[in-house]
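K.L.:
After the structure tokens below, expect a handful of questions from me.
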Amino acid sequence: MKNGCALTIAEIAERIGGRSVGDRGRIIRGVQGPRGIDPEKIIVCRDSKSLSKAAPGIAVVALEGLIPEGSSGVEAPDAEKAFISVLSLFAPAREATPGIHPSAVVHPCSLVSASASVGPFCVIGDGCTISDGAVLEGQIFVGAGAQIGPRTRIEPQAVIHERTIIGESCVIHSGAVIGCDGFGFIPDFEKGHAKIPQIGRVRIGDRVEVGACVTIDRATVDETVIESGTVIDDHVHIGHNAMIGEKCILVAMTGIAGSAVLEDGVIMAARSGVADHVTVGKRAQVAAYGGATRDVPPGTTVSGFPARDHREELKKQALLRRLPGLLDTVKKLCAEVDALQEKVNGKDT
Amino acid sequence: MKNGCALTIAEIAERIGGRSVGDRGRIIRGVQGPRGIDPEKIIVCRDSKSLSKAAPGIAVVALEGLIPEGSSGVEAPDAEKAFISVLSLFAPAREATPGIHPSAVVHPCSLVSASASVGPFCVIGDGCTISDGAVLEGQIFVGAGAQIGPRTRIEPQAVIHERTIIGESCVIHSGAVIGCDGFGFIPDFEKGHAKIPQIGRVRIGDRVEVGACVTIDRATVDETVIESGTVIDDHVHIGHNAMIGEKCILVAMTGIAGSAVLEDGVIMAARSGVADHVTVGKRAQVAAYGGATRDVPPGTTVSGFPARDHREELKKQALLRRLPGLLDTVKKLCAEVDALQEKVNGKDT
Amino acid sequence: MKNGCALTIAEIAERIGGRSVGDRGRIIRGVQGPRGIDPEKIIVCRDSKSLSKAAPGIAVVALEGLIPEGSSGVEAPDAEKAFISVLSLFAPAREATPGIHPSAVVHPCSLVSASASVGPFCVIGDGCTISDGAVLEGQIFVGAGAQIGPRTRIEPQAVIHERTIIGESCVIHSGAVIGCDGFGFIPDFEKGHAKIPQIGRVRIGDRVEVGACVTIDRATVDETVIESGTVIDDHVHIGHNAMIGEKCILVAMTGIAGSAVLEDGVIMAARSGVADHVTVGKRAQVAAYGGATRDVPPGTTVSGFPARDHREELKKQALLRRLPGLLDTVKKLCAEVDALQEKVNGKDT
């Protein structure tokens, strides 16, 4: 096993479409953070602040014109893109030999592409399709009738339940459970809660990323849907029949209740939530720790629980800070009014 | 693999104890949501609102007398029960052949019933009992001395730690970890926190549902207990020595701290919590996002953190909305009192 | 399988360095909680309150001089230490035979110590090191280049991703996912969010405990670090490039965002959080449900969201409770000022 990529500064410049500066022949073997001091690793400065932190003599990637006189590195037209490009150059290869590991248990009525890779101890049920270039790393369970799209990568110990459909070029991280029963019961505190069979499925679009220990429950009927381009962080829960639009961002520990709707481009910040049957409009945001219990208009940001317009919430926070002063003012007013009353009424008498 | 159930409307009516209406011979192959337009699928209308949404020509199940003239479907005396019955008719069969998959590793001193099903890559430790009709789907770990009751179904990649006892007809979903060490340490910030051995176990009653990625820690000594009929959604955490009563409902992302007690029929809404050693009384509720840090009286609802009586909390919310007005009023009062003082005191002078 | 430890009271006293009292020859076969009534089990009374609950005739461990006349048990100089010692005596042995289970898939270029134990269905990638006395219980995935330190125990179904380094004497619980990709994207709501390759790793020190279903993401570059002696409860999430100091305590459901820093000895209470790039100072605490969005000074306690000094937060709570009274007072003031104005201004006219 080798991470062994080695490139000169000139080669890096060429590959990322930048311009090499200084000691162009220096060998670089990896990338390091803004405070790194390893002379064989390069620092990608995404802003001028991180550039100022870089130790002298360490090679950097920075925006055009920003590399100081005497330093070595690569000038790039777009720092964000350069960051991705340089990291990609040095990303350790994840070899995935096509083929089915001899230990895997694959149902004979399933279709596994010859270019797909199925790792050790995977279980693939009846009637599944594993498409071209898909990678199932190891110890993965794929339930009957599930479909895994081309070039989708599933990391170890994910569970893809029966009938789930996953599109192309997705990444499903370890410990994710997709297509599990929704939480549906008709409550009965006498005879016991009656389970509502959950006979729907989960459908996931293309280029979706699903974090570690994420649960996406299958629909009672029809589908729980995650549209293309949406990215989901670790420990997120998505209830049955929820509809998540395209290119949404769901940060860690977010909870989406059953039948909730996120329109396209919604951002759910860390540990936020949406109640059941609530719609969050296009490009709206729920701030960290917030919980939307009513529909959120497109393009707005809400925070708090129950969530309100974020500016209102900030005002509320500010007002709360003025409470101690308010109490003092009212106390003072009471005394003044008392004095006035005595005076005025005293005169009257 | 076939989901292939096909029934006429008349057959559905007969099987769910309803009355067929309209085109009794029409073939139905599945169930769809209220807005579905597949002519081969039926809609179960749990209320009149969903009935009004149903597209014309689509077969429906509805309460007696509610199916419009000219439509086809089944009239049922109880919409909720009919929903469960119809879904059950079309629920894809989950075949579980009795027997132990040749790849499973089962300790010779464990007892596996001949009618139980142990799937691929399961590991069953020393001294376990797997009872009649129990299903271990695949890739499941059962620690030494654990007992799995009759007809209990364990989905792929659950971990049942040593000595755990699970009753009959339970469902344990994927990624659940039952009987893990409790989080017990004697804090010592100098020499290091000293781990308290966790030598108790988890005991789960009958007909309990445990969601995906749920953790139920074993007791320090004695037992962490989940009584019969309780249903637990995904991502719930239950600490060591907690006692969860019968027929409780724990919605997703709820946290129950160590030694907390939920009496029978408690509802913990989404992302709610109970602090350690706190008791939530019979049929009480903790609202979404709420955290009970003190005992909750039976039958009451609390919300907020720290949780208070829900009506008090709502009043507090309402008062907070009146804060801006209050500030204005007090400002106005100050001005008026100033004016009065000037006048009254001015006269005095 | 036997939990079969049996010791006389005198033997227990000897082993834990205490003094036996009463019926010294009585056989004890286990430990029970403060209300236990099994005559063959002993109760460890960590305080005088639990001593008073103990049923008569049941053997107890208690502080010197506290065991009542006529009772049997062991007097110990330190109740907390005695608790750990007695539990350790009766903790069921977890046998782990050295060697690699024949079903495990171990890459030939990995090094597994002869004294390590690798259980069934484990997968160990290329270039890993499994050190002396390490235990991988079963169904564990260890990615390429990972290092597992001496005597570290990994429970079933944990995932240790590529390049992760774990020190000695750690415990990693089931369902933990260590070294997964961090959640890094350059947002683009038009063309789709661009994934930032996550090429760093996770490094964990010695004697660290990682709870069930915990996710610790690997760094974008460099390392996500958990220093020695830190203990982490279930369902905790730690983002990429976070730095967790020594001997921290992270209670269940806590979330640490990317690049956050916890200095040594920090306590994160249940369901607390830290925002990205925020530092929590040495021995500081974030209270339950709190979320630190700004740096927390060493030694302080913050609560609420956004978190503030805990005493300020308590004052705020107290002020809120005075709001209803305040509203009444202001209403009364308005009436009084109205009356005064009428009187004073009336006179004027």
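Residue numbers start at 1 in each chain; chains themselves are named A, B, ... in the order of the structure tokens; ligands are numbered from 1 in the order shown.
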At a cut-off of 6 Å, using only C-alpha atoms, what residues contact segment 213-223 of chain A? Leave out same-chain residues fewer than 4 positions from it and give the result as a PDB file with N, CA and C atoms, in the first residue's frame.
P.N.:
```
ATOM      1  N   GLY A 175     -22.333   2.653   7.738  1.00  0.00           N
ATOM      2  CA  GLY A 175     -23.327   2.741   8.792  1.00  0.00           C
ATOM      3  C   GLY A 175     -24.629   3.372   8.352  1.00  0.00           C
ATOM      4  N   ALA A 176     -24.715   3.818   7.094  1.00  0.00           N
ATOM      5  CA  ALA A 176     -25.982   4.373   6.608  1.00  0.00           C
ATOM      6  C   ALA A 176     -26.991   3.237   6.446  1.00  0.00           C
ATOM      7  N   VAL A 177     -28.243   3.536   6.785  1.00  0.00           N
ATOM      8  CA  VAL A 177     -29.323   2.559   6.652  1.00  0.00           C
ATOM      9  C   VAL A 177     -30.385   3.187   5.765  1.00  0.00           C
ATOM     10  N   ILE A 178     -30.512   2.682   4.560  1.00  0.00           N
ATOM     11  CA  ILE A 178     -31.405   3.292   3.574  1.00  0.00           C
ATOM     12  C   ILE A 178     -32.536   2.331   3.245  1.00  0.00           C
ATOM     13  N   GLY A 179     -33.768   2.821   3.428  1.00  0.00           N
ATOM     14  CA  GLY A 179     -34.914   2.006   3.046  1.00  0.00           C
ATOM     15  C   GLY A 179     -35.489   1.161   4.161  1.00  0.00           C
ATOM     16  N   CYS A 180     -35.126   1.508   5.380  1.00  0.00           N
ATOM     17  CA  CYS A 180     -35.675   0.859   6.565  1.00  0.00           C
ATOM     18  C   CYS A 180     -37.156   1.224   6.685  1.00  0.00           C
ATOM     19  N   ASP A 181     -37.935   0.406   7.391  1.00  0.00           N
ATOM     20  CA  ASP A 181     -39.337   0.734   7.678  1.00  0.00           C
ATOM     21  C   ASP A 181     -39.496   2.157   8.198  1.00  0.00           C
ATOM     22  N   GLY A 182     -40.493   2.886   7.710  1.00  0.00           N
ATOM     23  CA  GLY A 182     -40.876   4.131   8.347  1.00  0.00           C
ATOM     24  C   GLY A 182     -41.487   3.860   9.713  1.00  0.00           C
ATOM     25  N   GLN A 198     -45.088  -0.780   5.963  1.00  0.00           N
ATOM     26  CA  GLN A 198     -44.381   0.245   5.195  1.00  0.00           C
ATOM     27  C   GLN A 198     -43.953  -0.413   3.893  1.00  0.00           C
ATOM     28  N   ILE A 199     -44.771  -0.241   2.853  1.00  0.00           N
ATOM     29  CA  ILE A 199     -44.543  -1.032   1.645  1.00  0.00           C
ATOM     30  C   ILE A 199     -43.953  -0.201   0.501  1.00  0.00           C
ATOM     31  N   GLY A 200     -43.637   1.067   0.769  1.00  0.00           N
ATOM     32  CA  GLY A 200     -43.026   1.905  -0.259  1.00  0.00           C
ATOM     33  C   GLY A 200     -41.531   1.654  -0.367  1.00  0.00           C
ATOM     34  N   ARG A 201     -40.823   2.636  -0.902  1.00  0.00           N
ATOM     35  CA  ARG A 201     -39.392   2.454  -1.083  1.00  0.00           C
ATOM     36  C   ARG A 201     -38.687   3.808  -0.970  1.00  0.00           C
ATOM     37  N   VAL A 202     -37.353   3.782  -1.091  1.00  0.00           N
ATOM     38  CA  VAL A 202     -36.550   5.006  -1.151  1.00  0.00           C
ATOM     39  C   VAL A 202     -35.989   5.121  -2.567  1.00  0.00           C
ATOM     40  N   ASP A 234     -23.296  13.278   8.342  1.00  0.00           N
ATOM     41  CA  ASP A 234     -23.486  12.141   9.247  1.00  0.00           C
ATOM     42  C   ASP A 234     -24.690  12.344  10.180  1.00  0.00           C
ATOM     43  N   HIS A 235     -25.256  11.224  10.635  1.00  0.00           N
ATOM     44  CA  HIS A 235     -26.278  11.227  11.697  1.00  0.00           C
ATOM     45  C   HIS A 235     -27.533  12.009  11.315  1.00  0.00           C
ATOM     46  N   VAL A 236     -27.852  12.075  10.033  1.00  0.00           N
ATOM     47  CA  VAL A 236     -29.096  12.737   9.629  1.00  0.00           C
ATOM     48  C   VAL A 236     -30.186  11.681   9.552  1.00  0.00           C
ATOM     49  N   HIS A 237     -31.394  12.063   9.928  1.00  0.00           N
ATOM     50  CA  HIS A 237     -32.540  11.159   9.829  1.00  0.00           C
ATOM     51  C   HIS A 237     -33.576  11.747   8.885  1.00  0.00           C
ATOM     52  N   ILE A 238     -34.029  10.928   7.953  1.00  0.00           N
ATOM     53  CA  ILE A 238     -35.063  11.365   7.015  1.00  0.00           C
ATOM     54  C   ILE A 238     -36.225  10.388   7.101  1.00  0.00           C
ATOM     55  N   GLY A 239     -37.381  10.899   7.502  1.00  0.00           N
ATOM     56  CA  GLY A 239     -38.539  10.041   7.757  1.00  0.00           C
ATOM     57  C   GLY A 239     -39.242   9.597   6.479  1.00  0.00           C
ATOM     58  N   HIS A 240     -40.206   8.726   6.649  1.00  0.00           N
ATOM     59  CA  HIS A 240     -40.894   8.137   5.490  1.00  0.00           C
ATOM     60  C   HIS A 240     -41.694   9.174   4.711  1.00  0.00           C
ATOM     61  N   ASN A 241     -41.672   9.012   3.398  1.00  0.00           N
ATOM     62  CA  ASN A 241     -42.407   9.873   2.470  1.00  0.00           C
ATOM     63  C   ASN A 241     -41.895  11.310   2.402  1.00  0.00           C
TER      64      ASN A 241
ATOM     65  N   GLN B  32     -51.384   3.105  -3.441  1.00  0.00           N
ATOM     66  CA  GLN B  32     -50.679   4.349  -3.727  1.00  0.00           C
ATOM     67  C   GLN B  32     -51.176   5.465  -2.806  1.00  0.00           C
ATOM     68  N   GLY B  33     -50.420   6.536  -2.721  1.00  0.00           N
ATOM     69  CA  GLY B  33     -50.770   7.678  -1.888  1.00  0.00           C
ATOM     70  C   GLY B  33     -51.947   8.443  -2.460  1.00  0.00           C
TER      71      GLY B  33
END
```
K.L.:
Residues of chain B that approach chain C to 8 Å or less, counting only C-alpha atoms: could you list each one with the shortest pair of atoms and its distance in Å to one decimal, rows by chain and increasing residue number, as a Markdown table?
P.N.:
```
| residue | atom | partner | partner_atom | distance |
| --- | --- | --- | --- | --- |
| B:Val105 | CA | C:Pro120 | CA | 7.4 |
| B:Cys109 | CA | C:Met1 | CA | 7.9 |
| B:Phe121 | CA | C:Phe121 | CA | 6.9 |
| B:Val123 | CA | C:Pro120 | CA | 7.3 |
| B:Asp126 | CA | C:Met1 | CA | 5.7 |
| B:Gly127 | CA | C:Met1 | CA | 5.6 |
| B:Gln139 | CA | C:Gln139 | CA | 7.6 |
| B:Phe141 | CA | C:Pro156 | CA | 6.9 |
| B:Ala144 | CA | C:Met1 | CA | 7.2 |
| B:Gly145 | CA | C:Met1 | CA | 7.1 |
| B:Gln157 | CA | C:Gln157 | CA | 7.5 |
| B:Val159 | CA | C:Pro156 | CA | 7.1 |
| B:Gly175 | CA | C:Gly175 | CA | 6.7 |
| B:Val177 | CA | C:Ser174 | CA | 6.6 |
| B:Cys180 | CA | C:Ala212 | CA | 7.2 |
| B:Phe183 | CA | C:Asp233 | CA | 6.0 |
| B:Ile186 | CA | C:Glu80 | CA | 7.3 |
| B:Phe189 | CA | C:Gly265 | CA | 6.2 |
| B:Gly192 | CA | C:Gly229 | CA | 5.8 |
| B:His193 | CA | C:Gly229 | CA | 7.0 |
| B:Lys195 | CA | C:Ile84 | CA | 7.6 |
| B:Ile196 | CA | C:Ile84 | CA | 5.3 |
| B:Pro197 | CA | C:Leu87 | CA | 5.9 |
| B:Gln198 | CA | C:Ala91 | CA | 7.7 |
| B:Ile199 | CA | C:Ala91 | CA | 5.5 |
| B:Cys213 | CA | C:Cys213 | CA | 6.8 |
| B:Thr215 | CA | C:Ala212 | CA | 6.8 |
| B:Val221 | CA | C:Gln32 | CA | 5.5 |
| B:Asp222 | CA | C:Gln32 | CA | 5.8 |
| B:His235 | CA | C:His235 | CA | 7.9 |
| B:His237 | CA | C:Asp234 | CA | 7.4 |
| B:Gly255 | CA | C:Met253 | CA | 7.8 |
| B:Phe305 | CA | C:Tyr289 | CA | 7.8 |
| B:Lys316 | CA | C:Leu320 | CA | 7.5 |
| B:Leu319 | CA | C:Leu323 | CA | 7.2 |
| B:Leu326 | CA | C:Leu327 | CA | 7.4 |
| B:Thr329 | CA | C:Val330 | CA | 7.9 |
| B:Val330 | CA | C:Val330 | CA | 7.1 |
| B:Leu333 | CA | C:Cys334 | CA | 6.8 |
| B:Glu336 | CA | C:Val337 | CA | 7.4 |
| B:Val337 | CA | C:Val337 | CA | 7.0 |
| B:Leu340 | CA | C:Gln341 | CA | 6.9 |
| B:Lys343 | CA | C:Val344 | CA | 7.9 |
| B:Val344 | CA | C:Val344 | CA | 7.3 |
```
K.L.:
Enumerate as JSON, numbers by chain all residues of segment 203-343 of chain B assigned to helix (DSSP H, G or I) by DSSP on the backbone, naming them with the chain letters and numbers the document uses.
P.N.:
{"B": [310, 311, 312, 313, 314, 315, 316, 317, 318, 319, 320, 321, 322, 323, 324, 325, 326, 327, 328, 329, 330, 331, 332, 333, 334, 335, 336, 337, 338, 339, 340, 341, 342, 343]}
K.L.:
Quick one: write out the picked residues with N, CA and C atoms as a CSV table (one decimal), in the first residue's frame?
P.N.:
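Wrote it out as out14.csv, contents follow:
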```
chain,number,residue,atom,x,y,z
B,310,HIS,N,-46.4,22.5,29.3
B,310,HIS,CA,-46.5,23.0,27.9
B,310,HIS,C,-47.3,24.3,27.8
B,311,ARG,N,-48.4,24.4,28.6
B,311,ARG,CA,-49.2,25.6,28.5
B,311,ARG,C,-48.4,26.8,29.0
B,312,GLU,N,-47.6,26.6,30.1
B,312,GLU,CA,-46.7,27.7,30.6
B,312,GLU,C,-45.8,28.1,29.5
B,313,GLU,N,-45.2,27.1,28.8
B,313,GLU,CA,-44.2,27.3,27.8
B,313,GLU,C,-44.8,28.1,26.7
B,314,LEU,N,-46.1,27.8,26.3
B,314,LEU,CA,-46.8,28.5,25.2
B,314,LEU,C,-47.0,29.9,25.7
B,315,LYS,N,-47.4,30.1,26.9
B,315,LYS,CA,-47.6,31.5,27.5
B,315,LYS,C,-46.3,32.2,27.4
B,316,LYS,N,-45.2,31.6,27.8
B,316,LYS,CA,-43.9,32.2,27.7
B,316,LYS,C,-43.6,32.7,26.3
B,317,GLN,N,-43.9,31.8,25.3
B,317,GLN,CA,-43.7,32.2,23.9
B,317,GLN,C,-44.5,33.4,23.5
B,318,ALA,N,-45.8,33.4,24.0
B,318,ALA,CA,-46.7,34.5,23.7
B,318,ALA,C,-46.2,35.8,24.3
B,319,LEU,N,-45.8,35.7,25.6
B,319,LEU,CA,-45.2,36.9,26.2
B,319,LEU,C,-44.0,37.4,25.5
B,320,LEU,N,-43.2,36.5,25.0
B,320,LEU,CA,-42.0,37.0,24.3
B,320,LEU,C,-42.4,37.7,23.1
B,321,ARG,N,-43.5,37.3,22.4
B,321,ARG,CA,-43.9,38.0,21.2
B,321,ARG,C,-44.4,39.4,21.6
B,322,ARG,N,-44.8,39.6,22.9
B,322,ARG,CA,-45.3,40.9,23.3
B,322,ARG,C,-44.2,41.8,23.8
B,323,LEU,N,-43.0,41.3,23.9
B,323,LEU,CA,-41.9,42.1,24.4
B,323,LEU,C,-41.6,43.4,23.6
B,324,PRO,N,-41.6,43.4,22.3
B,324,PRO,CA,-41.3,44.6,21.5
B,324,PRO,C,-42.4,45.7,21.9
B,325,GLY,N,-43.6,45.3,22.0
B,325,GLY,CA,-44.7,46.2,22.4
B,325,GLY,C,-44.5,46.7,23.8
B,326,LEU,N,-44.1,45.8,24.6
B,326,LEU,CA,-43.8,46.2,26.0
B,326,LEU,C,-42.8,47.3,26.1
B,327,LEU,N,-41.7,47.1,25.4
B,327,LEU,CA,-40.6,48.1,25.4
B,327,LEU,C,-41.1,49.4,25.0
B,328,ASP,N,-41.9,49.4,23.9
B,328,ASP,CA,-42.5,50.7,23.4
B,328,ASP,C,-43.3,51.4,24.5
B,329,THR,N,-44.2,50.5,25.1
B,329,THR,CA,-45.1,51.1,26.1
B,329,THR,C,-44.3,51.7,27.3
B,330,VAL,N,-43.3,51.0,27.7
B,330,VAL,CA,-42.5,51.5,28.8
B,330,VAL,C,-41.8,52.8,28.4
B,331,LYS,N,-41.3,52.9,27.2
B,331,LYS,CA,-40.6,54.1,26.7
B,331,LYS,C,-41.6,55.3,26.8
B,332,LYS,N,-42.8,55.0,26.3
B,332,LYS,CA,-43.9,56.0,26.3
B,332,LYS,C,-44.2,56.4,27.7
B,333,LEU,N,-44.3,55.4,28.6
B,333,LEU,CA,-44.6,55.7,30.0
B,333,LEU,C,-43.6,56.6,30.6
B,334,CYS,N,-42.3,56.4,30.3
B,334,CYS,CA,-41.2,57.2,30.8
B,334,CYS,C,-41.4,58.6,30.4
B,335,ALA,N,-41.7,58.8,29.1
B,335,ALA,CA,-41.9,60.2,28.6
B,335,ALA,C,-43.1,60.9,29.3
B,336,GLU,N,-44.2,60.1,29.5
B,336,GLU,CA,-45.3,60.7,30.1
B,336,GLU,C,-45.1,61.1,31.6
B,337,VAL,N,-44.4,60.2,32.3
B,337,VAL,CA,-44.1,60.4,33.7
B,337,VAL,C,-43.2,61.6,33.8
B,338,ASP,N,-42.2,61.7,32.9
B,338,ASP,CA,-41.3,62.9,32.9
B,338,ASP,C,-42.1,64.2,32.8
B,339,ALA,N,-43.0,64.2,31.8
B,339,ALA,CA,-43.8,65.3,31.5
B,339,ALA,C,-44.7,65.7,32.8
B,340,LEU,N,-45.2,64.6,33.3
B,340,LEU,CA,-46.1,64.9,34.5
B,340,LEU,C,-45.2,65.5,35.7
B,341,GLN,N,-44.0,64.9,35.8
B,341,GLN,CA,-43.2,65.3,36.9
B,341,GLN,C,-42.8,66.8,36.8
B,342,GLU,N,-42.5,67.1,35.5
B,342,GLU,CA,-42.2,68.5,35.2
B,342,GLU,C,-43.3,69.5,35.6
B,343,LYS,N,-44.5,69.0,35.1
B,343,LYS,CA,-45.7,69.8,35.4
B,343,LYS,C,-45.9,69.9,36.9
```
K.L.:
Please return, as a PyMOL selection string, all residues of segment 158-263 of chain B that DSSP assigns to strand (DSSP E) on the basis of the backbone.
P.N.:
chain B and resi 159-160+165-166+171-172+177-180+185-186+194-195+201-204+209-210+215-217+223-226+231-232+237-238+243-244+249-250+255-256+261-262
